[in-house]
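To be precise, the following lines are coords.txt, and they hold compact mmCIF, C-alpha atoms.
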```
# COMPACT_ATOMS: atom_id res chain seq x y z
CA MET A 1 22.34 -0.82 -18.68
CA PRO A 2 18.87 0.57 -18.08
CA LEU A 3 16.14 -1.99 -17.74
CA GLU A 4 12.90 -1.47 -19.62
CA PHE A 5 9.54 -2.03 -18.00
CA LYS A 6 6.52 -2.84 -20.15
CA PRO A 7 3.95 -0.04 -19.83
CA LYS A 8 0.18 -0.27 -20.22
CA THR A 9 -1.16 3.18 -21.00
CA GLN A 10 -4.76 4.40 -20.90
CA GLU A 11 -5.63 7.66 -22.59
CA LEU A 12 -8.12 9.42 -20.31
CA ASP A 13 -9.92 12.75 -20.63
CA SER A 14 -7.31 14.77 -18.76
CA SER A 15 -4.28 12.50 -18.50
CA PHE A 16 -2.31 9.51 -19.74
CA PHE A 17 -2.44 6.86 -16.99
CA THR A 18 0.40 4.33 -17.33
CA ILE A 19 0.70 1.23 -15.15
CA PHE A 20 3.73 -1.06 -15.20
CA PRO A 21 2.32 -4.54 -14.37
CA GLY A 22 5.89 -5.80 -13.90
CA LEU A 23 6.24 -3.49 -10.88
CA CYS A 24 2.70 -3.39 -9.42
CA LYS A 25 2.33 -5.63 -6.36
CA GLY A 26 -1.37 -4.95 -5.86
CA CYS A 27 -1.17 -3.25 -2.45
CA GLY A 28 -4.07 -0.89 -3.22
CA LEU A 29 -2.57 2.16 -1.49
CA CYS A 30 -3.24 4.27 -4.61
CA ILE A 31 -6.93 3.27 -4.68
CA GLU A 32 -7.38 4.68 -1.17
CA LYS A 33 -5.30 7.83 -1.75
CA CYS A 34 -6.99 8.87 -5.03
CA PRO A 35 -8.96 12.08 -4.32
CA LYS A 36 -11.46 11.29 -7.09
CA LYS A 37 -11.73 7.57 -6.20
CA CYS A 38 -11.25 6.78 -9.88
CA ILE A 39 -8.71 3.94 -9.57
CA VAL A 40 -10.09 0.38 -9.58
CA TRP A 41 -8.67 -3.15 -9.76
CA SER A 42 -8.04 -4.36 -13.30
CA ASN A 43 -7.85 -7.76 -14.97
CA THR A 44 -4.18 -7.29 -15.83
CA LEU A 45 -2.11 -9.20 -13.28
CA GLY A 46 0.84 -7.62 -11.51
CA VAL A 47 4.25 -9.09 -10.69
CA TYR A 48 2.94 -11.28 -7.83
CA GLY A 49 -0.13 -12.50 -9.75
CA THR A 50 -2.38 -10.05 -7.93
CA PRO A 51 -4.64 -7.62 -9.83
CA SER A 52 -3.03 -4.39 -10.94
CA VAL A 53 -5.01 -1.16 -11.21
CA GLU A 54 -6.61 1.02 -13.88
CA ALA A 55 -8.23 4.46 -13.86
CA ASP A 56 -11.39 5.89 -15.38
CA ASP A 57 -12.21 9.24 -16.94
CA ASP A 58 -12.77 10.96 -13.58
CA CYS A 59 -8.95 11.16 -13.29
CA ILE A 60 -7.73 14.74 -13.03
CA GLY A 61 -4.04 13.86 -13.43
CA CYS A 62 -3.01 15.12 -9.98
CA GLY A 63 -0.27 12.48 -9.66
CA ILE A 64 -0.90 11.55 -6.01
CA CYS A 65 -1.02 7.86 -6.97
CA GLN A 66 2.35 8.20 -8.70
CA ASN A 67 3.87 9.81 -5.60
CA ILE A 68 2.37 7.36 -3.13
CA CYS A 69 3.15 4.15 -5.08
CA PRO A 70 5.89 2.30 -3.15
CA ASP A 71 6.93 0.49 -6.32
CA CYS A 72 6.90 3.42 -8.77
CA ALA A 73 4.48 1.38 -10.89
CA ILE A 74 2.33 4.35 -11.96
CA ASN A 75 3.24 7.18 -14.33
CA ILE A 76 0.81 10.05 -14.85
CA GLU A 77 1.15 12.51 -17.65
CA LYS A 78 -1.29 15.37 -17.47
CA LYS A 79 -2.68 16.58 -20.78
CA VAL A 80 -1.83 20.18 -21.51
CA LYS A 81 -4.92 22.27 -22.27
CA HIS A 82 -4.63 24.43 -25.37
CA MET Y 1 3.17 11.19 -24.67
CA GLY Y 2 1.43 7.92 -23.88
CA ASN Y 3 3.61 5.69 -26.01
CA SER Y 4 5.67 2.59 -25.28
CA SER Y 5 8.76 4.60 -24.32
CA VAL Y 6 7.16 5.70 -21.03
CA GLN Y 7 9.22 4.47 -18.11
CA PRO Y 8 8.63 4.55 -14.34
CA VAL Y 9 9.55 7.76 -12.54
CA MET Y 10 12.20 6.57 -10.10
CA PRO Y 11 14.84 8.63 -8.29
CA ARG Y 12 18.14 8.62 -10.20
CA SER Y 13 19.92 7.15 -7.19
CA TRP Y 14 17.75 3.99 -7.29
CA ARG Y 15 19.06 0.86 -8.95
CA VAL Y 16 16.54 0.13 -11.69
CA ASP Y 17 17.78 -3.42 -12.36
CA THR Y 18 16.83 -4.59 -8.84
CA LYS Y 19 13.23 -3.50 -9.22
CA PRO Y 20 10.62 -4.70 -8.38
CA HIS Y 21 12.26 -4.56 -4.97
CA LYS Y 22 12.00 -7.17 -2.22
CA PHE Y 23 9.60 -5.41 0.15
CA CYS Y 24 6.04 -6.66 0.69
CA PRO Y 25 3.09 -5.07 -1.13
CA GLY Y 26 2.14 -1.85 0.66
CA CYS Y 27 5.34 -1.66 2.73
CA GLY Y 28 6.40 1.74 4.03
CA HIS Y 29 10.16 1.21 3.53
CA PRO Y 30 10.18 1.88 -0.24
CA LEU Y 31 8.23 5.10 0.32
CA ILE Y 32 10.83 6.30 2.82
CA LEU Y 33 13.64 5.22 0.48
CA LYS Y 34 11.88 7.02 -2.39
CA CYS Y 35 11.94 10.25 -0.36
CA LEU Y 36 15.57 9.58 0.58
CA GLY Y 37 16.45 8.95 -3.08
CA GLN Y 38 14.77 12.18 -4.15
CA ALA Y 39 16.61 14.09 -1.43
CA ILE Y 40 19.96 12.59 -2.56
CA ASP Y 41 19.12 13.48 -6.18
CA GLU Y 42 18.25 17.06 -5.33
CA LEU Y 43 21.45 17.56 -3.34
CA GLY Y 44 23.52 15.88 -6.10
CA ILE Y 45 25.57 13.78 -3.66
CA GLN Y 46 25.05 10.32 -5.14
CA ASP Y 47 28.78 9.78 -5.75
CA ARG Y 48 29.81 10.30 -2.14
CA VAL Y 49 27.01 8.76 -0.07
CA VAL Y 50 27.60 5.57 1.91
CA PHE Y 51 24.40 3.80 2.84
CA GLY Y 52 24.38 1.39 5.79
CA CYS Y 53 21.42 -0.86 6.46
CA ASP Y 54 20.54 -2.77 9.59
CA ILE Y 55 19.17 -6.27 10.12
CA GLY Y 56 15.41 -6.63 9.96
CA CYS Y 57 13.20 -5.67 7.07
CA SER Y 58 15.46 -2.67 6.48
CA LEU Y 59 18.23 -5.01 5.22
CA LEU Y 60 16.14 -5.66 2.11
CA SER Y 61 17.42 -2.25 0.98
CA TRP Y 62 20.96 -3.65 0.51
CA ASP Y 63 20.69 -3.50 -3.29
CA PHE Y 64 18.04 -0.80 -3.44
CA PHE Y 65 20.27 2.17 -4.27
CA ASP Y 66 23.03 2.79 -6.76
CA LEU Y 67 25.19 3.78 -3.78
CA ASP Y 68 28.01 2.20 -1.82
CA THR Y 69 26.08 0.06 0.62
CA VAL Y 70 27.11 -1.94 3.67
CA GLN Y 71 24.90 -4.28 5.64
CA THR Y 72 25.87 -4.36 9.29
CA HIS Y 73 25.20 -6.37 12.44
CA HIS Y 74 21.88 -5.94 14.17
CA GLY Y 75 21.67 -2.50 15.77
CA ARG Y 76 25.27 -1.65 14.87
CA THR Y 77 24.59 0.46 11.80
CA THR Y 78 25.20 3.72 13.64
CA PRO Y 79 28.73 2.80 14.91
CA VAL Y 80 29.73 1.35 11.53
CA MET Y 81 28.71 4.55 9.78
CA THR Y 82 30.42 6.56 12.53
CA GLY Y 83 33.66 4.66 11.82
CA ILE Y 84 33.39 5.26 8.08
CA LYS Y 85 32.69 8.95 8.66
CA ARG Y 86 35.68 9.32 10.99
CA ALA Y 87 37.99 7.55 8.54
CA ARG Y 88 36.72 9.43 5.48
CA PRO Y 89 35.15 12.72 6.62
CA GLY Y 90 34.39 13.69 3.01
CA LEU Y 91 31.79 10.95 2.66
CA ILE Y 92 28.14 11.36 3.58
CA CYS Y 93 27.02 8.47 5.78
CA ILE Y 94 23.41 7.37 6.15
CA ALA Y 95 22.51 4.75 8.75
CA TYR Y 96 19.17 3.19 7.87
CA MET Y 97 17.43 1.08 10.50
CA GLY Y 98 14.07 -0.09 11.72
CA ASP Y 99 12.57 0.53 15.14
CA GLY Y 100 13.80 -2.89 16.32
CA GLY Y 101 17.39 -2.02 15.38
CA GLY Y 102 17.26 1.61 16.44
CA TYR Y 103 15.07 1.62 19.54
CA SER Y 104 15.75 -1.74 21.17
CA ILE Y 105 18.98 -3.60 20.34
CA GLY Y 106 20.80 -0.57 18.94
CA VAL Y 107 19.46 2.12 21.25
CA GLN Y 108 22.75 2.53 23.12
CA HIS Y 109 24.62 3.20 19.87
CA LEU Y 110 22.01 5.66 18.63
CA VAL Y 111 21.95 7.60 21.90
CA SER Y 112 25.75 7.52 22.29
CA ALA Y 113 26.28 8.74 18.73
CA ALA Y 114 23.80 11.55 19.37
CA ALA Y 115 25.53 12.44 22.64
CA ARG Y 116 28.95 12.51 20.93
CA GLY Y 117 27.52 14.61 18.11
CA GLU Y 118 28.74 12.32 15.34
CA LYS Y 119 28.29 13.96 11.96
CA ILE Y 120 26.17 11.21 10.41
CA THR Y 121 22.52 10.88 9.44
CA ALA Y 122 20.38 8.15 11.02
CA VAL Y 123 17.06 7.28 9.41
CA LEU Y 124 14.68 5.08 11.39
CA ALA Y 125 11.54 3.44 10.00
CA ASN Y 126 8.94 2.96 12.72
CA ASN Y 127 6.32 0.33 11.91
CA THR Y 128 5.41 -0.42 15.58
CA GLN Y 129 6.66 -4.03 15.59
CA TYR Y 130 9.38 -6.49 14.50
CA ALA Y 131 8.19 -7.17 10.99
CA MET Y 132 10.77 -9.57 9.55
CA THR Y 133 10.38 -12.16 12.33
CA GLY Y 134 6.60 -12.22 12.07
CA GLY Y 135 5.28 -9.18 13.93
CA GLN Y 136 6.31 -9.41 17.61
CA MET Y 137 5.86 -6.55 20.07
CA ALA Y 138 8.50 -3.81 19.81
CA PRO Y 139 9.17 -0.82 22.11
CA THR Y 140 7.06 1.26 19.74
CA THR Y 141 3.95 -0.97 19.73
CA LEU Y 142 0.86 1.10 20.52
CA PRO Y 143 -1.20 0.31 23.65
CA GLY Y 144 -3.93 -2.14 22.74
CA GLN Y 145 -2.28 -3.11 19.48
CA LYS Y 146 -2.40 -6.84 18.75
CA THR Y 147 0.88 -8.48 17.76
CA GLU Y 148 2.20 -12.06 17.80
CA THR Y 149 3.42 -11.71 21.39
CA THR Y 150 0.55 -9.53 22.63
CA PRO Y 151 -2.50 -11.39 21.28
CA TYR Y 152 -4.86 -9.48 23.60
CA GLY Y 153 -3.32 -6.10 22.79
CA ARG Y 154 -0.32 -4.40 24.42
CA ASP Y 155 -1.01 -3.75 28.09
CA PRO Y 156 0.79 -0.60 29.33
CA GLU Y 157 0.50 -1.93 32.93
CA THR Y 158 3.02 -4.69 32.26
CA THR Y 159 4.87 -3.55 29.13
CA GLY Y 160 4.79 0.24 29.38
CA PHE Y 161 3.94 2.88 26.83
CA PRO Y 162 5.54 3.33 23.37
CA LEU Y 163 9.16 4.48 23.64
CA PRO Y 164 9.55 8.20 22.86
CA GLY Y 165 12.79 7.64 20.98
CA GLN Y 166 12.88 11.09 19.44
CA ASP Y 167 12.73 12.81 22.83
CA MET Y 168 15.46 10.47 24.08
CA VAL Y 169 17.79 11.34 21.19
CA SER Y 170 17.02 15.06 21.16
CA SER Y 171 17.53 15.39 24.94
CA VAL Y 172 21.12 14.09 24.77
CA ALA Y 173 22.03 15.55 21.38
CA GLY Y 174 24.21 18.65 21.24
CA GLU Y 175 23.66 22.09 19.80
CA GLY Y 176 24.03 21.27 16.13
CA ALA Y 177 21.73 18.26 16.06
CA TYR Y 178 18.72 17.97 13.79
CA VAL Y 179 15.92 15.68 14.99
CA ALA Y 180 12.59 15.35 13.19
CA ARG Y 181 9.79 12.89 12.62
CA GLY Y 182 7.98 12.45 9.31
CA SER Y 183 5.43 10.02 7.99
CA ILE Y 184 4.89 8.10 4.76
CA ALA Y 185 1.43 9.69 4.71
CA ASN Y 186 3.12 13.02 3.92
CA PRO Y 187 6.02 12.25 1.55
CA ARG Y 188 6.73 15.91 0.73
CA GLN Y 189 7.31 16.77 4.38
CA LEU Y 190 9.35 13.60 4.91
CA LYS Y 191 11.52 14.46 1.92
CA SER Y 192 12.17 17.99 3.20
CA PHE Y 193 13.14 16.57 6.63
CA LEU Y 194 15.52 14.06 5.02
CA LYS Y 195 17.02 16.80 2.88
CA LYS Y 196 17.56 19.04 5.91
CA ALA Y 197 19.13 16.13 7.79
CA LEU Y 198 21.58 15.49 4.95
CA GLU Y 199 22.35 19.21 4.71
CA ASN Y 200 22.98 19.23 8.45
CA GLN Y 201 25.60 16.55 7.92
CA MET Y 202 27.08 18.25 4.84
CA SER Y 203 27.52 21.52 6.75
CA GLU Y 204 29.15 19.52 9.60
CA LYS Y 205 26.82 20.85 12.25
CA GLY Y 206 26.25 17.56 14.04
CA PHE Y 207 24.11 14.47 14.39
CA SER Y 208 20.90 14.27 12.40
CA PHE Y 209 18.13 11.81 13.11
CA ILE Y 210 14.89 11.27 11.20
CA GLU Y 211 12.19 8.91 12.33
CA ALA Y 212 9.63 8.01 9.68
CA LEU Y 213 6.27 6.47 10.52
CA SER Y 214 5.98 3.45 8.28
CA ALA Y 215 3.40 0.78 7.46
CA CYS Y 216 3.40 -3.01 7.65
CA PRO Y 217 0.15 -4.34 6.13
CA THR Y 218 1.52 -7.90 6.18
CA ASN Y 219 1.90 -8.12 9.96
CA TRP Y 220 -0.79 -5.62 10.92
CA ARG Y 221 -3.12 -7.76 8.79
CA THR Y 222 -4.72 -4.65 7.35
CA ASN Y 223 -6.06 -3.82 3.91
CA ALA Y 224 -5.16 -0.55 2.20
CA SER Y 225 -7.80 1.63 3.87
CA GLU Y 226 -7.03 0.23 7.36
CA THR Y 227 -3.31 0.73 6.70
CA TRP Y 228 -3.81 4.42 5.94
CA ASP Y 229 -6.13 4.76 8.95
CA PHE Y 230 -3.43 3.28 11.20
CA VAL Y 231 -0.62 5.46 9.79
CA GLU Y 232 -2.60 8.69 9.53
CA ARG Y 233 -4.75 8.55 12.68
CA LYS Y 234 -3.65 5.92 15.23
CA MET Y 235 0.13 6.33 15.09
CA PRO Y 236 0.25 10.17 15.26
CA ALA Y 237 -1.65 9.96 18.57
CA TYR Y 238 1.64 8.74 20.11
CA PHE Y 239 4.17 9.84 17.50
CA LYS Y 240 3.72 13.50 16.55
CA ALA Y 241 5.23 14.54 13.23
CA GLY Y 242 7.40 17.62 13.09
CA GLU Y 243 10.85 18.98 13.85
CA ILE Y 244 11.80 18.28 17.46
CA LYS Y 245 15.26 19.87 17.42
CA VAL Y 246 16.88 22.15 14.87
CA PRO Y 247 20.42 23.61 14.99
CA ALA Y 248 20.71 26.94 16.79
CA GLY Y 249 21.68 28.94 13.69
CA GLY Y 250 18.86 27.46 11.65
CA GLN Y 251 19.30 26.26 8.10
CA GLY Y 252 17.18 28.51 6.00
CA GLU Y 253 17.94 27.14 2.53
CA VAL Y 254 15.23 24.45 2.45
CA GLN Y 255 11.57 25.36 2.46
CA LYS Y 256 9.31 23.99 5.17
CA ASP Y 257 7.14 21.70 3.05
CA GLY Y 258 9.39 20.62 0.21
```
Could you spell out this file's structure in structure tokens?
Amino acid sequence: MPLEFKPKTQELDSSFFTIFPGLCKGCGLCIEKCPKKCIVWSNTLGVYGTPSVEADDDCIGCGICQNICPDCAINIEKKVKH
Amino acid sequence: MGNSSVQPVMPRSWRVDTKPHKFCPGCGHPLILKCLGQAIDELGIQDRVVFGCDIGCSLLSWDFFDLDTVQTHHGRTTPVMTGIKRARPGLICIAYMGDGGGYSIGVQHLVSAAARGEKITAVLANNTQYAMTGGQMAPTTLPGQKTETTPYGRDPETTGFPLPGQDMVSSVAGEGAYVARGSIANPRQLKSFLKKALENQMSEKGFSFIEALSACPTNWRTNASETWDFVERKMPAYFKAGEIKVPAGGQGEVQKDG
């Protein structure tokens, strides 16, 4: 039986940035790894009551934060340019 | 496309119902296990992998995977997996341990298994100290690093230099052994090493051993930027990433960087 996690999606200029507050533990590894430094702490609390993260429009949808997240709490979907 | 049906991208071999997992925020173990899960997915061997975890922080992986998992005595993961492999040669056995289990209490088992050329895969997470008991000095602690038992920094005069465990294993391992060291700072490389190690076992060449440089922000008392600095710059000064020993015939099928 697959478990559902509640997503919180932001639509940005070049990507859809989804954070799952039920998985995010607020370690901040993604903030440091982001090449555009566009991830910041948000007011939405994560699973341990620590701040989760959100991105701004500088995001290029590279997906490094998704790969580096130890908790798989980030999902990046890059917008396809037409 | 940005709707409520979006779900986390986890390896298929992970157990979704045990997430969020039990590791601390910023821990390196889940990153190693993510690479391991992706490697298992890509090889399509989920139904015949047996995963053995050690005591220490690595035991928190006992319900991490949707695999047959056994949690063993401290340092004895390698012999337990050896026994399973000898009884059921068709299974693929992964012994997962920390540097406390692999390089101190279980070092004799690791080295003996390598010397005998057991056809299992050992994965060791190196976070330079004993994390579960509160951060005491381990054989892998870097000189000058402060831990609970070395409050003024590790002094190589009295406690020696970090143990070169990879050299130890590769020097006794036979022809078909695969020995490599990856890092959580480079997950693609780590995944390709893990995949090659599993392929080495599947082709019955010999022992395969992967050490992964890991992080412990809780006991290092570091924030995210200091954690990355420690993993990416301080640890590689003593623990060089790369393949230390590859089987004579080579493997060929897997690309170098994923």
Pick from A:Pro21, A:Cys27, A:Trp41, A:Asn67: nearest to chain Y, with all atoms listed in the file counted?
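Using all atoms listed in the file, the shortest distance to chain Y belongs to A:Cys27.
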Of the listed residues A:Ile39, A:Glu4, A:Cys65, A:Ala73, that which approaches Cys24 in chain A most closely, counting only C-alpha atoms
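Under the stated criterion, the closest residue is A:Ala73.
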Protein/DNA/RNA residues near (25.3, 8.0, 17.7), cut 10 Å, all atoms listed in the file, as a ChimeraX atom specification
/Y:77-79,81-82,95,106-122,169,173,207-209
Residues of chain Y within 9 Å of chain A, counting all atoms listed in the file, what are they? List them as a VMD selection string.
chain Y and resid 1 to 10 16 to 17 19 to 21 24 to 32 34 184 to 185 187 217 223 to 225 227 to 228
Pairwise distance for CA of Val246 in chain Y and CA of Val179 in chain Y, rounded to one decimal in Å
6.5 Å
So how many Å separate CA of Asn126 in chain Y and CA of Thr140 in chain Y, to one decimal?
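Value for the CA of Asn126 in chain Y-CA of Thr140 in chain Y distance: 7.5 Å.
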Write out as a PyMOL selection string the residues lying within 10 Å of range 150-153 of chain Y, counting only C-alpha atoms and excluding same-chain residues fewer than 4 positions away.
chain Y and resi 135-137+141-146+159
Save out the residues we just selected, C-alpha atoms, as a PDB file, in the frame of the given file.
```
ATOM      1  CA  GLY Y 135       5.280  -9.180  13.930  1.00  0.00           C
ATOM      2  CA  GLN Y 136       6.310  -9.410  17.610  1.00  0.00           C
ATOM      3  CA  MET Y 137       5.860  -6.550  20.070  1.00  0.00           C
ATOM      4  CA  THR Y 141       3.950  -0.970  19.730  1.00  0.00           C
ATOM      5  CA  LEU Y 142       0.860   1.100  20.520  1.00  0.00           C
ATOM      6  CA  PRO Y 143      -1.200   0.310  23.650  1.00  0.00           C
ATOM      7  CA  GLY Y 144      -3.930  -2.140  22.740  1.00  0.00           C
ATOM      8  CA  GLN Y 145      -2.280  -3.110  19.480  1.00  0.00           C
ATOM      9  CA  LYS Y 146      -2.400  -6.840  18.750  1.00  0.00           C
ATOM     10  CA  THR Y 159       4.870  -3.550  29.130  1.00  0.00           C
TER      11      THR Y 159
END
```
Would you pick out the contacts of Gly98 in chain Y at 10 Å or less, using all atoms listed in the file, so that residues sharing its chain but fewer than 4 positions from it are not included, and give the list as a PyMOL selection string?
chain Y and resi 29+53-59+75+102-104+106+123-131+211-212+214
Between CA of Lys37 in chain A and CA of His82 in chain A - distance in Å to one decimal:
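About the pair CA of His82 in chain A and CA of Lys37 in chain A: they are 26.5 Å apart.
Residues within 10 Å of Asp13 in chain A, counting only C-alpha atoms and excluding same-chain residues fewer than 4 positions away, are Asp56, Asp57, Asp58, Cys59, Ile60, Gly61, Lys78 and Lys79 of chain A.
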Now that the selection is made, can you save its residues with C-alpha atoms as a short mmCIF file (atom, residue, chain, number, x, y, z; two decimals), in the coordinates of the input?
```cif
data_model
loop_
_atom_site.label_atom_id
_atom_site.label_comp_id
_atom_site.auth_asym_id
_atom_site.auth_seq_id
_atom_site.Cartn_x
_atom_site.Cartn_y
_atom_site.Cartn_z
CA ASP A 56 -11.39 5.89 -15.38
CA ASP A 57 -12.21 9.24 -16.94
CA ASP A 58 -12.77 10.96 -13.58
CA CYS A 59 -8.95 11.16 -13.29
CA ILE A 60 -7.73 14.74 -13.03
CA GLY A 61 -4.04 13.86 -13.43
CA LYS A 78 -1.29 15.37 -17.47
CA LYS A 79 -2.68 16.58 -20.78
#
```
